[in-house]
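For reference, final-v6.cif is printed below; it contains mmCIF, C-alpha atoms.
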```
data_query
#
loop_
_atom_site.label_atom_id
_atom_site.label_comp_id
_atom_site.auth_asym_id
_atom_site.auth_seq_id
_atom_site.Cartn_x
_atom_site.Cartn_y
_atom_site.Cartn_z
CA MET A 15 -2.20 50.90 -30.16
CA ILE A 16 -3.50 52.20 -26.81
CA ARG A 17 -7.08 51.42 -27.88
CA LYS A 18 -6.05 47.86 -28.74
CA LEU A 19 -4.36 47.53 -25.36
CA ASN A 20 -7.48 48.83 -23.60
CA ILE A 21 -9.65 46.28 -25.39
CA ILE A 22 -7.27 43.47 -24.37
CA VAL A 23 -7.21 44.67 -20.73
CA VAL A 24 -11.03 44.90 -20.60
CA PHE A 25 -11.30 41.45 -22.20
CA LEU A 26 -8.86 39.95 -19.68
CA LEU A 27 -10.69 41.59 -16.77
CA LEU A 28 -13.98 40.15 -18.03
CA ILE A 29 -12.45 36.67 -18.16
CA ILE A 30 -10.92 36.97 -14.66
CA THR A 31 -14.16 38.32 -13.22
CA SER A 32 -16.28 35.60 -14.79
CA VAL A 33 -13.85 32.87 -13.71
CA SER A 34 -13.68 34.08 -10.13
CA TYR A 35 -17.45 34.55 -10.08
CA GLY A 36 -17.91 30.97 -11.28
CA GLN A 37 -15.65 29.63 -8.56
CA LYS A 38 -18.06 30.07 -5.69
CA ARG A 39 -16.38 27.80 -3.20
CA GLU A 40 -18.14 26.17 -0.30
CA ILE A 41 -15.98 25.92 2.80
CA GLU A 42 -16.86 24.13 6.00
CA ARG A 43 -14.64 23.69 9.03
CA ALA A 44 -14.89 22.64 12.65
CA VAL A 45 -14.71 25.52 15.14
CA ASN A 46 -14.43 25.86 18.91
CA SER A 47 -17.61 26.76 20.75
CA SER A 48 -15.84 29.93 21.97
CA SER A 49 -15.85 31.32 18.43
CA VAL A 50 -19.59 30.74 18.01
CA PRO A 51 -21.94 33.74 18.61
CA GLU A 52 -22.99 33.76 22.26
CA LYS A 53 -26.68 34.09 21.34
CA ALA A 54 -26.48 30.82 19.40
CA ARG A 55 -24.71 28.99 22.22
CA THR A 56 -27.21 30.26 24.79
CA TRP A 57 -30.19 29.21 22.63
CA LEU A 58 -28.72 25.74 22.24
CA GLU A 59 -27.94 25.35 25.96
CA ASP A 60 -31.43 26.50 26.99
CA THR A 61 -33.26 24.38 24.42
CA TYR A 62 -31.27 21.16 24.51
CA GLU A 63 -30.96 21.07 28.28
CA GLY A 64 -28.74 18.23 29.46
CA HIS A 65 -27.41 17.51 25.99
CA LYS A 66 -24.23 15.56 25.40
CA ARG A 67 -21.30 16.61 23.19
CA VAL A 68 -21.93 19.35 20.62
CA ARG A 69 -19.75 19.75 17.55
CA TRP A 70 -19.69 23.23 16.02
CA TYR A 71 -18.98 24.01 12.36
CA PHE A 72 -18.68 27.17 10.31
CA GLN A 73 -19.88 27.08 6.71
CA THR A 74 -19.74 29.58 3.90
CA ASP A 75 -20.37 29.50 0.17
CA GLY A 76 -18.58 32.82 -0.29
CA GLU A 77 -21.77 34.82 0.34
CA LYS A 78 -23.88 33.27 3.08
CA GLU A 79 -22.23 32.34 6.38
CA VAL A 80 -23.74 30.02 8.97
CA TYR A 81 -22.76 28.25 12.17
CA GLU A 82 -23.99 24.71 12.58
CA ALA A 83 -24.22 22.66 15.76
CA LYS A 84 -24.40 18.88 15.52
CA LEU A 85 -25.53 16.86 18.50
CA LYS A 86 -27.33 13.67 19.35
CA TRP A 87 -30.69 14.23 21.02
CA GLN A 88 -33.06 11.46 22.08
CA GLY A 89 -31.23 8.96 19.88
CA LYS A 90 -31.29 11.10 16.72
CA TRP A 91 -28.71 13.43 15.14
CA HIS A 92 -29.76 17.07 15.10
CA SER A 93 -28.15 19.82 13.00
CA VAL A 94 -29.00 23.30 14.22
CA GLU A 95 -28.15 26.21 11.94
CA PHE A 96 -27.53 29.78 13.09
CA LEU A 97 -26.76 33.05 11.29
CA PRO A 98 -23.57 34.96 12.24
CA ASP A 99 -25.67 37.20 14.55
CA GLY A 100 -26.71 34.10 16.50
CA GLN A 101 -30.28 33.96 15.16
CA ILE A 102 -31.47 30.39 14.69
CA GLN A 103 -32.31 29.43 11.08
CA ASN A 104 -33.50 25.84 11.13
CA ILE A 105 -33.22 22.42 12.74
CA GLU A 106 -32.59 19.28 10.71
CA ILE A 107 -33.20 15.87 12.23
CA LEU A 108 -31.69 12.76 10.69
CA ILE A 109 -34.27 9.98 10.47
CA LYS A 110 -34.67 6.58 8.89
CA VAL A 111 -37.07 5.79 6.04
CA ARG A 112 -39.09 3.58 8.37
CA ASP A 113 -39.72 6.60 10.65
CA LEU A 114 -41.67 8.40 7.90
CA GLU A 115 -45.41 8.86 8.16
CA LYS A 116 -47.30 6.59 5.78
CA GLU A 117 -48.57 9.39 3.51
CA VAL A 118 -45.11 10.98 3.21
CA SER A 119 -43.46 7.64 2.54
CA GLN A 120 -45.99 6.81 -0.19
CA ASN A 121 -45.57 10.17 -1.92
CA LEU A 122 -41.78 10.02 -1.78
CA THR A 123 -41.73 6.48 -3.11
CA SER A 124 -44.15 7.22 -5.91
CA TYR A 125 -42.06 10.25 -7.00
CA LEU A 126 -38.87 8.18 -7.03
CA THR A 127 -40.52 5.21 -8.77
CA GLU A 128 -42.01 7.43 -11.48
CA ASN A 129 -38.80 9.36 -12.14
CA TYR A 130 -36.03 6.80 -11.85
CA GLN A 131 -35.38 3.32 -13.18
CA ARG A 132 -33.68 2.47 -9.88
CA PHE A 133 -33.17 4.43 -6.70
CA LYS A 134 -31.88 4.12 -3.16
CA ILE A 135 -32.35 6.62 -0.35
CA ASP A 136 -29.05 7.15 1.46
CA ARG A 137 -29.84 9.93 3.88
CA LEU A 138 -33.10 11.48 5.05
CA GLN A 139 -33.61 14.59 7.17
CA ILE A 140 -36.65 16.51 8.37
CA GLN A 141 -36.04 20.23 8.23
CA TYR A 142 -37.98 22.60 10.49
CA THR A 143 -37.84 26.35 9.81
CA GLY A 144 -39.54 29.03 11.87
CA SER A 145 -39.24 31.42 14.75
CA SER A 146 -36.81 30.91 17.59
CA GLY A 147 -39.67 30.27 20.04
CA ASP A 148 -41.41 27.71 17.83
CA LEU A 149 -38.16 25.85 17.20
CA GLU A 150 -37.46 25.84 20.93
CA GLU A 151 -40.92 24.39 21.57
CA LEU A 152 -40.28 21.69 18.98
CA ILE A 153 -37.37 20.40 21.07
CA THR A 154 -38.59 21.09 24.61
CA GLU A 155 -42.20 19.92 24.07
CA ASN A 156 -41.25 17.24 21.53
CA GLU A 157 -44.07 18.42 19.29
CA ALA A 158 -43.95 20.59 16.16
CA PRO A 159 -45.94 23.88 16.51
CA ARG A 160 -48.28 24.54 13.55
CA LEU A 161 -46.39 27.64 12.42
CA LEU A 162 -43.18 25.74 11.73
CA THR A 163 -42.42 24.92 8.11
CA LYS A 164 -41.64 21.26 7.72
CA LYS A 165 -39.73 19.87 4.75
CA TYR A 166 -37.85 16.71 3.91
CA GLU A 167 -34.34 16.70 2.49
CA ILE A 168 -33.18 13.42 1.05
CA GLU A 169 -29.95 12.31 -0.55
CA TYR A 170 -30.47 9.43 -2.89
CA PHE A 171 -29.02 7.78 -5.93
CA GLY A 172 -31.29 7.48 -8.90
CA ARG A 173 -30.75 5.89 -12.30
CA GLU A 174 -32.05 8.21 -15.00
CA ASP A 175 -31.69 7.38 -18.71
CA GLY A 176 -29.26 4.61 -17.78
CA GLN A 177 -27.05 6.99 -15.77
CA ASN A 178 -26.51 6.73 -12.03
CA LYS A 179 -26.47 10.05 -10.21
CA MET A 180 -26.57 11.24 -6.62
CA TRP A 181 -29.30 13.74 -5.89
CA GLU A 182 -30.34 16.02 -3.09
CA GLY A 183 -34.10 16.41 -3.23
CA HIS A 184 -36.45 18.65 -1.23
CA PHE A 185 -40.01 17.58 -0.51
CA ASP A 186 -42.83 19.31 1.33
CA LYS A 187 -44.45 18.11 4.57
CA HIS A 188 -46.66 15.70 2.60
CA GLY A 189 -43.71 14.25 0.69
CA ASN A 190 -44.47 16.11 -2.55
CA PHE A 191 -41.50 17.04 -4.71
CA ILE A 192 -40.24 20.67 -4.57
CA GLU A 193 -36.77 20.73 -6.12
CA LYS A 194 -33.60 18.72 -6.60
CA ARG A 195 -29.97 19.07 -7.61
CA VAL A 196 -27.18 16.69 -8.56
CA ILE A 197 -24.52 16.21 -5.89
CA GLU A 198 -21.02 14.91 -6.41
CA LEU A 199 -19.54 12.40 -4.00
CA SER A 200 -15.82 12.85 -3.51
CA SER A 201 -13.62 10.13 -4.99
CA THR A 202 -13.21 6.86 -3.11
CA ASP A 203 -9.89 5.77 -4.65
CA VAL A 204 -8.10 5.65 -1.29
CA LEU A 205 -10.87 3.51 0.19
CA ASP A 206 -11.05 1.10 -2.76
CA PHE A 207 -7.38 0.15 -3.33
CA MET B 244 16.36 6.12 11.74
CA ARG B 245 17.71 3.06 13.55
CA LYS B 246 16.27 4.42 16.80
CA PHE B 247 12.89 4.92 15.15
CA PHE B 248 12.64 1.32 14.00
CA LEU B 249 13.96 0.00 17.33
CA ILE B 250 11.32 1.95 19.29
CA LEU B 251 8.54 0.78 17.00
CA PHE B 252 9.83 -2.73 17.17
CA THR B 253 9.81 -2.69 20.95
CA LEU B 254 6.35 -1.18 21.27
CA LEU B 255 4.51 -3.09 18.61
CA ASN B 256 6.16 -6.41 19.19
CA TYR B 257 5.38 -6.34 22.89
CA TRP B 258 1.95 -7.95 22.62
CA ASN B 259 3.16 -10.89 20.57
CA SER B 260 6.45 -11.24 22.40
CA GLU B 261 5.14 -14.08 24.53
CA ASN B 262 4.31 -16.05 21.47
CA ALA B 263 7.62 -15.27 19.84
CA MET B 264 9.69 -15.81 22.97
CA ALA B 265 8.01 -19.12 23.63
CA GLN B 266 9.22 -20.15 20.24
CA GLY B 267 12.65 -18.67 20.94
CA ARG B 268 12.64 -16.30 17.96
CA HIS B 269 11.48 -12.87 16.81
CA LEU B 270 10.23 -12.92 13.29
CA PHE B 271 9.95 -9.21 12.79
CA THR B 272 10.95 -7.01 9.91
CA SER B 273 10.44 -3.37 9.21
CA GLY B 274 11.07 -0.88 6.43
CA LEU B 275 9.70 1.59 3.94
CA PHE B 276 6.60 1.11 1.81
CA PRO B 277 6.08 3.77 -0.89
CA GLU B 278 3.12 3.56 -3.23
CA ALA B 279 1.58 5.57 -6.06
CA GLN B 280 -1.83 5.20 -7.64
CA LEU B 281 -3.52 6.68 -10.69
CA THR B 282 -7.23 6.32 -11.51
CA TYR B 283 -8.96 7.68 -14.61
CA ASP B 284 -12.32 7.23 -16.30
CA ILE B 285 -12.59 5.57 -19.67
CA SER B 286 -16.38 6.03 -19.86
CA ASP B 287 -19.23 7.15 -17.61
CA VAL B 288 -19.18 3.88 -15.69
CA TYR B 289 -15.80 2.27 -16.43
CA TYR B 290 -12.48 3.41 -15.01
CA VAL B 291 -8.90 2.18 -14.89
CA THR B 292 -6.54 2.16 -11.93
CA HIS B 293 -2.78 1.65 -12.01
CA LYS B 294 -0.82 1.18 -8.84
CA VAL B 295 2.86 0.69 -7.98
CA GLU B 296 3.83 -0.32 -4.48
CA SER B 297 7.17 -1.38 -3.17
CA GLN B 298 8.54 -2.75 0.08
CA HIS B 299 12.08 -1.96 1.15
CA GLY B 300 13.41 -3.81 4.18
CA MET B 301 15.51 -1.82 6.63
CA PHE B 302 15.40 -3.81 9.84
CA ASP B 303 15.29 -7.53 10.58
CA ALA B 304 15.13 -8.67 14.21
CA GLN B 305 16.85 -11.91 13.30
CA ARG B 306 20.07 -10.18 12.30
CA LEU B 307 22.74 -10.78 14.90
CA ASN B 308 23.48 -7.16 15.80
CA ARG B 309 20.08 -5.88 14.75
CA GLU B 310 21.78 -3.41 12.44
CA LEU B 311 19.94 -1.49 9.76
CA LYS B 312 20.52 -2.94 6.33
CA TYR B 313 18.71 -2.15 3.11
CA SER B 314 17.16 -4.88 1.00
CA HIS B 315 14.57 -4.69 -1.74
CA THR B 316 11.73 -6.93 -0.59
CA LEU B 317 9.29 -6.66 -3.48
CA THR B 318 7.65 -4.35 -6.01
CA ASP B 319 4.09 -4.81 -7.22
CA LEU B 320 2.77 -3.43 -10.48
CA GLN B 321 -1.02 -3.52 -10.59
CA SER B 322 -3.69 -2.54 -13.10
CA PHE B 323 -7.44 -2.74 -12.62
CA ILE B 324 -10.48 -2.11 -14.71
CA GLY B 325 -13.54 -1.22 -12.71
CA ARG B 326 -17.23 -0.54 -13.16
CA ARG B 327 -19.41 1.66 -10.97
CA LEU B 328 -22.64 -0.22 -10.33
CA ASN B 329 -23.99 2.84 -8.51
CA PRO B 330 -22.37 5.68 -6.51
CA PHE B 331 -21.79 3.28 -3.60
CA VAL B 332 -20.74 0.00 -5.19
CA LYS B 333 -17.86 -0.73 -7.55
CA VAL B 334 -16.49 -3.95 -8.96
CA ASP B 335 -12.92 -4.33 -10.20
CA MET B 336 -10.85 -6.95 -11.99
CA GLY B 337 -7.10 -6.63 -11.80
CA TYR B 338 -3.73 -8.08 -12.63
CA GLN B 339 -0.55 -7.83 -10.62
CA TYR B 340 3.02 -8.54 -11.62
CA ARG B 341 5.30 -8.94 -8.60
CA LEU B 342 9.04 -8.41 -8.77
CA GLU B 343 10.65 -10.35 -5.97
CA GLU B 344 13.92 -12.09 -5.30
CA GLY B 345 13.71 -15.71 -6.37
CA GLU B 346 10.66 -15.68 -8.56
CA ASN B 347 8.45 -13.04 -10.12
CA THR B 348 4.77 -13.93 -9.89
CA HIS B 349 1.48 -13.19 -11.62
CA ARG B 350 -1.74 -12.52 -9.71
CA SER B 351 -5.35 -12.11 -10.80
CA ILE B 352 -7.57 -10.02 -8.54
CA GLN B 353 -11.33 -9.52 -8.23
CA GLN B 354 -12.93 -7.11 -5.80
CA VAL B 355 -16.15 -5.42 -4.74
CA ALA B 356 -15.86 -2.06 -2.95
CA ILE B 357 -18.78 -0.61 -1.04
CA LEU B 358 -18.98 2.95 0.26
CA GLN B 359 -20.99 3.67 3.40
CA ARG B 360 -21.49 7.25 4.52
CA SER B 361 -21.75 8.18 8.15
CA ASN B 362 -22.40 11.55 9.80
CA PHE B 363 -18.75 12.36 10.43
CA PHE B 364 -16.73 9.92 8.30
CA ARG B 365 -16.82 7.54 5.37
CA ILE B 366 -16.53 3.79 5.60
CA GLY B 367 -15.18 1.58 2.85
CA HIS B 368 -15.81 -2.16 2.72
CA ARG B 369 -13.69 -4.17 0.32
CA ILE B 370 -14.13 -7.84 -0.42
CA ARG B 371 -11.36 -9.22 -2.56
CA THR B 372 -10.27 -12.58 -3.93
CA ASP B 373 -6.94 -13.17 -5.62
CA GLN B 374 -4.99 -16.02 -7.15
CA THR B 375 -1.19 -16.01 -7.33
CA PHE B 376 0.55 -18.19 -9.87
CA PHE B 377 4.05 -19.62 -9.44
CA ASP B 378 6.35 -21.55 -11.82
CA GLU B 379 6.56 -24.72 -9.76
CA GLU B 380 4.19 -24.47 -6.80
CA SER B 381 0.41 -24.64 -6.79
CA ALA B 382 -1.59 -21.45 -7.02
CA LEU B 383 -2.12 -19.47 -3.81
CA LEU B 384 -5.78 -18.57 -3.29
CA ARG B 385 -6.79 -15.77 -0.94
CA LEU B 386 -10.05 -14.34 0.36
CA ARG B 387 -9.82 -10.87 1.92
CA TYR B 388 -12.06 -8.38 3.69
CA ARG B 389 -10.96 -4.84 4.48
CA TYR B 390 -12.80 -2.27 6.59
CA SER B 391 -11.58 1.32 6.21
CA VAL B 392 -12.64 4.62 7.68
CA GLN B 393 -11.71 8.06 6.42
CA ILE B 394 -12.20 10.72 9.08
CA PRO B 395 -11.91 14.43 8.18
CA LEU B 396 -9.88 16.22 10.85
CA GLN B 397 -11.12 19.76 10.20
CA GLY B 398 -14.87 19.44 9.66
CA ILE B 399 -17.59 17.11 8.44
CA ASN B 400 -16.59 17.08 4.80
CA LEU B 401 -13.13 17.03 3.30
CA ASP B 402 -12.33 20.37 1.71
CA PRO B 403 -9.19 21.08 -0.34
CA GLY B 404 -6.16 21.64 1.86
CA GLU B 405 -7.57 19.71 4.81
CA LYS B 406 -6.19 16.66 6.56
CA TYR B 407 -7.86 13.35 7.33
CA LEU B 408 -7.19 10.22 9.30
CA SER B 409 -7.37 6.91 7.52
CA LEU B 410 -7.70 3.67 9.50
CA SER B 411 -8.14 0.21 8.09
CA ASN B 412 -7.94 -3.41 9.02
CA GLU B 413 -7.85 -6.32 6.61
CA ALA B 414 -8.22 -10.00 7.37
CA ILE B 415 -6.88 -12.43 4.79
CA TYR B 416 -7.52 -16.14 4.55
CA MET B 417 -5.18 -18.04 2.24
CA TYR B 418 -5.05 -21.53 0.89
CA GLN B 419 -2.29 -23.35 -0.97
CA ASP B 420 -1.49 -27.03 -1.42
CA ALA B 421 -4.05 -28.20 1.17
CA GLU B 422 -2.60 -25.82 3.76
CA ASP B 423 -4.21 -22.65 4.98
CA ASP B 424 -3.24 -19.58 6.94
CA ILE B 425 -4.39 -16.17 8.12
CA GLU B 426 -2.88 -12.72 7.76
CA ASN B 427 -3.95 -9.42 9.26
CA ARG B 428 -3.09 -5.89 8.12
CA LEU B 429 -3.68 -2.86 10.27
CA VAL B 430 -3.00 0.55 8.76
CA ALA B 431 -3.20 4.02 10.29
CA SER B 432 -2.35 7.02 8.11
CA LEU B 433 -2.53 10.76 8.08
CA GLY B 434 -3.93 11.99 4.79
CA PHE B 435 -3.50 15.31 3.03
CA PHE B 436 -6.45 16.14 0.81
CA ILE B 437 -4.96 18.54 -1.72
CA ASP B 438 -8.15 18.29 -3.77
CA ASP B 439 -10.41 15.52 -4.98
CA ASN B 440 -7.82 14.53 -7.60
CA THR B 441 -4.71 14.48 -5.42
CA LYS B 442 -4.15 12.99 -1.99
CA TYR B 443 -1.06 12.12 0.00
CA GLU B 444 -0.90 9.71 2.91
CA VAL B 445 1.79 8.81 5.41
CA GLY B 446 1.31 6.17 8.07
CA LEU B 447 2.14 2.80 9.55
CA ASP B 448 1.18 -0.56 8.09
CA TYR B 449 1.42 -3.41 10.59
CA ARG B 450 1.10 -6.93 9.22
CA THR B 451 0.98 -10.20 11.07
CA ASP B 452 0.78 -13.60 9.42
CA ASP B 453 1.50 -17.31 9.68
CA TYR B 454 -0.95 -17.62 12.57
CA LEU B 455 -1.66 -21.23 11.74
CA VAL B 456 1.90 -22.35 10.99
CA PRO B 457 3.78 -23.52 14.10
CA GLN B 458 6.83 -21.42 15.00
CA ARG B 459 6.40 -19.14 12.03
CA PHE B 460 4.25 -16.32 13.41
CA ARG B 461 5.77 -13.12 12.10
CA SER B 462 5.05 -9.42 12.13
CA ARG B 463 6.09 -6.69 9.74
CA LEU B 464 5.90 -2.97 10.24
CA TRP B 465 6.11 -0.63 7.29
CA LEU B 466 6.40 3.12 7.17
CA LYS B 467 3.97 3.72 4.36
CA PHE B 468 3.69 6.82 2.22
CA GLY B 469 1.72 7.23 -0.93
CA VAL B 470 0.31 9.56 -3.49
CA TYR B 471 -3.11 8.99 -5.07
CA TRP B 472 -4.24 10.71 -8.22
CA SER B 473 -7.61 10.50 -9.89
CA LEU B 474 -8.20 12.27 -13.18
#
```
Please rewrite the model in this file as structure tokens.
Amino acid sequence: MIRKLNIIVVFLLLIITSVSYGQKREIERAVNSSSVPEKARTWLEDTYEGHKRVRWYFQTDGEKEVYEAKLKWQGKWHSVEFLPDGQIQNIEILIKVRDLEKEVSQNLTSYLTENYQRFKIDRLQIQYTGSSGDLEELITENEAPRLLTKKYEIEYFGREDGQNKMWEGHFDKHGNFIEKRVIELSSTDVLDF
Amino acid sequence: MRKFFLILFTLLNYWNSENAMAQGRHLFTSGLFPEAQLTYDISDVYYVTHKVESQHGMFDAQRLNRELKYSHTLTDLQSFIGRRLNPFVKVDMGYQYRLEEGENTHRSIQQVAILQRSNFFRIGHRIRTDQTFFDEESALLRLRYRYSVQIPLQGINLDPGEKYLSLSNEAIYMYQDAEDDIENRLVASLGFFIDDNTKYEVGLDYRTDDYLVPQRFRSRLWLKFGVYWSL
């Protein structure tokens, strides 16, 4: 009887563990600048000198935690990501398709044309990753140092096998495909009716 | 409650008071506007939406003592079938049965809804046409455009348990029996995003119409509250 009970308890624990493990929940919320690590705030103030309003957000997927600053700089939206210790991670700059270099644009378009019956790019960001000094130089000198890693992150809808899906795709600095994942847009019922 | 409607009446009717006073009358009513909506998929691209909305009059500025008095204004029962053309564009065809004092009416509805994503909020464009059929009168034809924004109040994206602000304005052109008119609907609501399948909203719906009919300009203010489910 006790053995049976033990088996049931172990079985239940396995289910609970696997369910809770599967429910890795991403949370993102706006935060006051006072709750952001000082090192991150100082880096931002020094680098984006004379910037306008900054919005700060805290994001976690249950494991990794980051602080993100969003601000408009020279007419473009910048997202600057920091670790909880204030160390800068990357800078993402929102751009338009027409801002892409010709080679990158051609490679992106040929990937999308070859892989989807129809597609539309909805959002396009350049992502720069590297050392704090190189990222600072990117903003202050308005030129990307060679050591920075440059990637493109695009959100697009693509029709594949007759099905429309939203994708987030990552491409290298030449516009060559690296990886992608399906993303779900939240429901629009309150906007439609 | 009476105080609430009187204050709203005073504030919101101020800007059109000149118009109304010049005509020697206040055509203003106010009341409650509950609604409930259910959307579910019937295939990968097709979905169905049912909606019930109801207007309950509580205040009428034309009453002698301006007392609060309940009256059922109307109840609409709507059903739509829609198709997602892509993640941003949907088309819907719908039917509405309206329960109203005097005459119940039938309405056919067609709409295109377009989603536009911005950095900090979502924008919804809705272009709609509808035709209302009466027993005796000619059909009423309307052309409508609504612009809505949904702004998360606690971050960039809406996460379960967070609140959002919903603002919309709709302009309506209508035509019946060689006469035309314009109506405008301005709505501001506070939304509660329980999760992607359940949302609640409470807000104010301010409607003005009969712009082109002499001495008939009227405004209506509704306290709107709704629940929206999607399965």
Using all atoms listed in the file, determine which residues lie at most 6 Å from stretch 390-392 of chain B, disregarding the query and same-chain residues fewer than 3 positions distant; provide the list as a JSON list (two decimals) with C-alpha atoms, in the coordinates of the input.
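That gives us result_22.json:
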```
[["chain", "number", "residue", "atom", "x", "y", "z"],
["B", 365, "ARG", "CA", -16.82, 7.54, 5.37],
["B", 366, "ILE", "CA", -16.53, 3.79, 5.60],
["B", 367, "GLY", "CA", -15.18, 1.58, 2.85],
["B", 368, "HIS", "CA", -15.81, -2.16, 2.72],
["B", 409, "SER", "CA", -7.37, 6.91, 7.52],
["B", 410, "LEU", "CA", -7.70, 3.67, 9.50],
["B", 411, "SER", "CA", -8.14, 0.21, 8.09],
["B", 412, "ASN", "CA", -7.94, -3.41, 9.02]]
```
Cut-off 8 Å: closest chain A/chain B atom pairs per residue, using only C-alpha atoms, as a tab-separated table:
```
residue	atom	partner	partner_atom	distance
A:Ile41	CA	B:Asp402	CA	6.7
A:Glu42	CA	B:Gly398	CA	6.3
A:Arg43	CA	B:Gly398	CA	4.3
A:Ala44	CA	B:Gly398	CA	4.4
A:Tyr71	CA	B:Gly398	CA	6.7
A:Phe171	CA	B:Pro330	CA	7.0
A:Asn178	CA	B:Asn329	CA	5.8
A:Lys179	CA	B:Pro330	CA	7.0
A:Met180	CA	B:Pro330	CA	7.0
A:Leu199	CA	B:Pro330	CA	7.7
A:Ser200	CA	B:Asp439	CA	6.2
A:Ser201	CA	B:Asp439	CA	6.3
A:Thr202	CA	B:Leu358	CA	7.7
A:Asp203	CA	B:Thr282	CA	7.4
A:Val204	CA	B:Tyr471	CA	7.1
A:Leu205	CA	B:Gly367	CA	5.4
A:Asp206	CA	B:Ala356	CA	5.8
```
*Hits of the PyMOL selection byres ((chain A and resi 115-120) around 8) in this structure, as a PyMOL selection string*: chain A and resi 111+113-114+121-124+187-190
*Measuring atom to atom with only C-alpha atoms, identify which of B:Gly325, B:Gly404, B:Gly274, B:Gly446 is nearest to B:Met301.*
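The closest residue to B:Met301 is B:Gly274.
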*asked:* Need to verify the contact set: A:Glu169, 8 Å, only C-alpha atoms, exclusion of same-chain residues closer than 4 positions in sequence. Can you return it as a list in words?
replied: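 Residues meeting the cut-off are Ile135, Asp136, Arg137, Leu138, Met180, Trp181, Glu182 and Gly183 of chain A.
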*Among the residues B:Leu270, B:Val295, B:Leu275, B:Ala382, the one that comes closest to B:Asp448 [using all atoms listed in the file]*: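 Nearest to B:Asp448: B:Leu275.
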*Could you jot down the atom CA of B:Glu426 to atom CA of B:Arg450 separation for me, Å, one decimal place?*
7.2 Å
*If the PyMOL selection byres ((chain A and resi 48-61) around 7) is run on the structure shown, which residues does it catch, given as a list of chain:residue names?*
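Selection result, ordered by chain and number: A:Val45, A:Asn46, A:Ser47, A:Tyr62, A:Glu63, A:Phe96, A:Pro98, A:Asp99, A:Gly100, A:Gln101, A:Ile102, A:Glu150, A:Ile153, A:Thr154.
Applied to this file, the PyMOL selection byres ((chain B and resi 304-310) around 7) selects His269, Leu270, Phe271, Thr272, Phe302, Asp303, Leu311 and Lys312 of chain B.
Going from atom CA of B:His315 over to atom CA of B:Arg350, you cover 19.8 Å.
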Box for stretch 415-420 of chain B - axis-aligned, 3 Å on each of the six sides, all listed atoms - centre and size in Å to one decimal, as lines of an AutoDock Vina configuration file.
```
center_x = -4.5
center_y = -19.7
center_z = 1.7
size_x = 12.0
size_y = 20.6
size_z = 12.2
```
*Spatial neighbours of B:Asp452, 9 Å, only C-alpha atoms, chain gap at least 4 places, as a count of residues only*: 11
*Could you jot down the atom CA of B:Arg371 to atom CA of B:Val445 separation for me, Å, one decimal place?*
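Interatomic distance, atom CA of B:Arg371 to atom CA of B:Val445: 23.7 Å.
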*Residue nearest A:Lys165 - candidates A:Asp148, A:Thr74, A:Tyr142, A:Asn104, atoms counted: only C-alpha atoms*: A:Tyr142
*Which residues, written as a PyMOL selection string, have at least one atom at most 7 Å from A:Arg69, with all atoms listed in the file counted and residues fewer than 5 positions away on the same chain left out?*
chain A and resi 83-85
*Do you know which residues are at most 6 Å from A:Gln139 counting all atoms listed in the file, after dropping those on the same chain fewer than 5 positions away, and could you put them as a ChimeraX atom specification?*
/A:106-109,166-167
*For A:Phe72, which residue among A:Glu40, A:Glu128, A:Val196, A:Gly89 is the nearest when counting all atoms listed in the file?*
A:Glu40
*Shortest interatomic distance to A:Gly64 - which of A:Arg112, A:His92, A:Lys86, A:Arg195, counting only C-alpha atoms*: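 Of the candidates, the smallest distance to A:Gly64 is held by A:Lys86.
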*Which of these residues is nearest to B:Glu278, using all atoms listed in the file: B:Ser314, B:Leu474, B:Asn347, B:Phe468?*
B:Phe468
